[in-house]
Amino acid sequence: MNTQREQLIQTWIQSVLGSDQFEINFLAGDASFRRYARIGFDHKTFMLMDAPPEKEDCAPFIKIDEFFAENGVRVPQIIAKDLTQGLLLLEDFGDVLLSTLLNDDTVDAYYAQSFKQLVQLQSIDGTDEFPEYSYEKLISEMELLTDWMLPSLNIQPTQEQSALIKRSFAILANAALAQPQVIVHRDFHSRNLMQITGETDLGVIDFQDAVIGADTYDLISITRDAYVQWNPERVYTWFKVFYDLLPEAQKQDRDFAQFKKDADMMAIQRHIKILGIFVRLFERDGKSGYLKDLPRVMWYLREESKPYPELESLMQFINDVVMPKFAEKYGTYEVVA
């Protein structure tokens, strides 16, 4: 990191806090160009978001944070902002990620709490605030599989296979668009929810990609997390807990069996996208940390497609053509009963 940027950060924090008596500790990075640092000052702590304007635009984050805060979503309060320099000082939610608290005994209660918050988030009218999770967007996400994962395995689909993939992607995109459309966080999982000292509500972070899309999307993010795996039957019981919390309008002409199918279809779309993203993070950005999660995501995809005849041909392609090379390069996932 260049010292010029460090100097700029120091000067800005000093002007915001009106003091140079603070400590700054940068935290380990994630999949973007944004960096975070914890600022210690006067027995309190804050979070600094460092988003260099030439690499990241923090305007969407600010807009969404303020909109969510106004509507009762537990997001970090913005203490100070400088958009031209790409710097934000935020409330510090601490270090306790939900992922570190989950085990067989705690998960039901934590997920019930997160579902309650999710249903509240979905009740906000965000139509004028967020872009649509459009057909084109859903398709282009799934094409990450064909653009990144297949080439990484030296698989060149035939014309027939390409047509089959295209038809299957269309089925999945249409299934997502047929569901009630609500605010979707898009990364609502155990590493983006935090326990805040003395509060019941979980802190919600990393929401800058929010859109208007299918009401099952965030449910899938948390219950079929790419980083944590639960027994499939247990996941379906959580679907029911969530379904029961939904307002009547979202259950109209949609019994639980239909909701379950909606959720599965959304999950399959998401797994396909994630397989492509994780490979791209490695191939393009040199980030190898996500490769170990690939086999789990592939396992999800193959398992969850089984009940749906309309996806049978796609899965035959995955099983016959992709899996031998995938297993050799990325490994396989052993299911934990």
# chains A, B, ... in the order shown; residues from 1 in each chain; ligands from 1

$ residues_around --residues "segment 270-282 of chain A" --least-positions-apart "3" --cutoff "6 Å" --atoms "only C-alpha atoms" --output "VMD selection string"
chain A and resid 141 to 142 144 to 145 148 to 149 267 285 to 288 290 297 301

$ write_last_selection --atoms "C-alpha atoms" --output "PDB file, in the first residue's frame"
ATOM      1  CA  GLU A 141     -24.177 -14.310 -13.534  1.00  0.00           C
ATOM      2  CA  MET A 142     -24.697 -17.934 -14.569  1.00  0.00           C
ATOM      3  CA  LEU A 144     -19.598 -16.970 -15.211  1.00  0.00           C
ATOM      4  CA  LEU A 145     -19.677 -20.776 -15.095  1.00  0.00           C
ATOM      5  CA  TRP A 148     -14.544 -19.095 -16.163  1.00  0.00           C
ATOM      6  CA  MET A 149     -15.098 -22.549 -14.710  1.00  0.00           C
ATOM      7  CA  ALA A 267     -30.230 -21.806  -4.938  1.00  0.00           C
ATOM      8  CA  ASP A 285      -7.363 -11.926  -9.219  1.00  0.00           C
ATOM      9  CA  GLY A 286      -4.941 -14.506  -7.808  1.00  0.00           C
ATOM     10  CA  LYS A 287      -7.154 -15.143  -4.753  1.00  0.00           C
ATOM     11  CA  SER A 288      -6.928 -18.858  -4.006  1.00  0.00           C
ATOM     12  CA  TYR A 290     -12.095 -19.635  -2.219  1.00  0.00           C
ATOM     13  CA  VAL A 297     -20.811 -25.602  -3.888  1.00  0.00           C
ATOM     14  CA  LEU A 301     -25.686 -27.903  -7.120  1.00  0.00           C
TER      15      LEU A 301
END

$ closest_atom_pairs --of "segment 128-192 of chain A" --to "segment 90-97 of chain A" --cutoff "12 Å" --atoms "only C-alpha atoms" --output "Markdown table"
| residue | atom | partner | partner_atom | distance |
| --- | --- | --- | --- | --- |
| A:His189 | CA | A:Leu97 | CA | 9.9 |
| A:Ser190 | CA | A:Leu97 | CA | 6.8 |
| A:Arg191 | CA | A:Leu97 | CA | 5.6 |
| A:Asn192 | CA | A:Leu97 | CA | 7.0 |

$ residues_around --residues "Met265 of chain A" --least-positions-apart "2" --cutoff "8 Å" --atoms "only C-alpha atoms" --output "number ranges by chain"
A: 172, 175-176, 261-263, 267-269

$ closest_residue --among "A:Leu153, A:Phe22, A:Ser168, A:Ile205" --to "Val75 of chain A" --atoms "only C-alpha atoms"
A:Ile205

$ closest_residue --among "A:Met298, A:Val321, A:Met315, A:Leu102" --to "Val335 of chain A" --atoms "only C-alpha atoms"
A:Met298

$ residues_around --residues "segment 105-120 of chain A" --least-positions-apart "5" --cutoff "10 Å" --atoms "only C-alpha atoms" --output "PyMOL selection string"
chain A and resi 71-74+98-99+182-185+188-190+193+195+200-204+215+218-219+222-223+230+234+237-239+241-243+245-247

$ select_by_dssp --residues "segment 135-189 of chain A" --states "alpha helix (DSSP H)" --output "VMD selection string"
chain A and resid 135 to 144 150 to 152 159 to 177

$ closest_residue --among "A:Glu334, A:Glu233, A:Glu328, A:Asp128" --to "Ile212 of chain A" --atoms "only C-alpha atoms"
A:Asp128

$ residues_around --residues "Thr84 of chain A" --least-positions-apart "6" --cutoff "12 Å" --atoms "only C-alpha atoms" --output "CSV table (one decimal) with C-alpha atoms, in the first residue's frame"
chain,number,residue,atom,x,y,z
A,8,LEU,CA,-4.0,10.9,3.5
A,12,TRP,CA,-8.4,12.7,7.4
A,50,ASP,CA,-10.8,2.8,2.7
A,51,ALA,CA,-12.2,2.6,-0.9
A,52,PRO,CA,-9.8,4.3,-3.3
A,53,PRO,CA,-12.1,6.2,-5.7
A,54,GLU,CA,-10.3,5.0,-8.8
A,56,GLU,CA,-14.2,1.5,-5.7
A,57,ASP,CA,-17.3,3.8,-5.6
A,58,CYS,CA,-18.5,4.1,-2.0
A,59,ALA,CA,-21.5,6.3,-3.0

$ closest_residue --among "A:Lys260, A:Arg5, A:Lys292, A:Lys329" --to "Gly86 of chain A" --atoms "only C-alpha atoms"
A:Arg5

$ closest_residue --among "A:Asp206, A:Tyr300, A:Asn154, A:Arg254" --to "Ile62 of chain A" --atoms "only C-alpha atoms"
A:Asp206
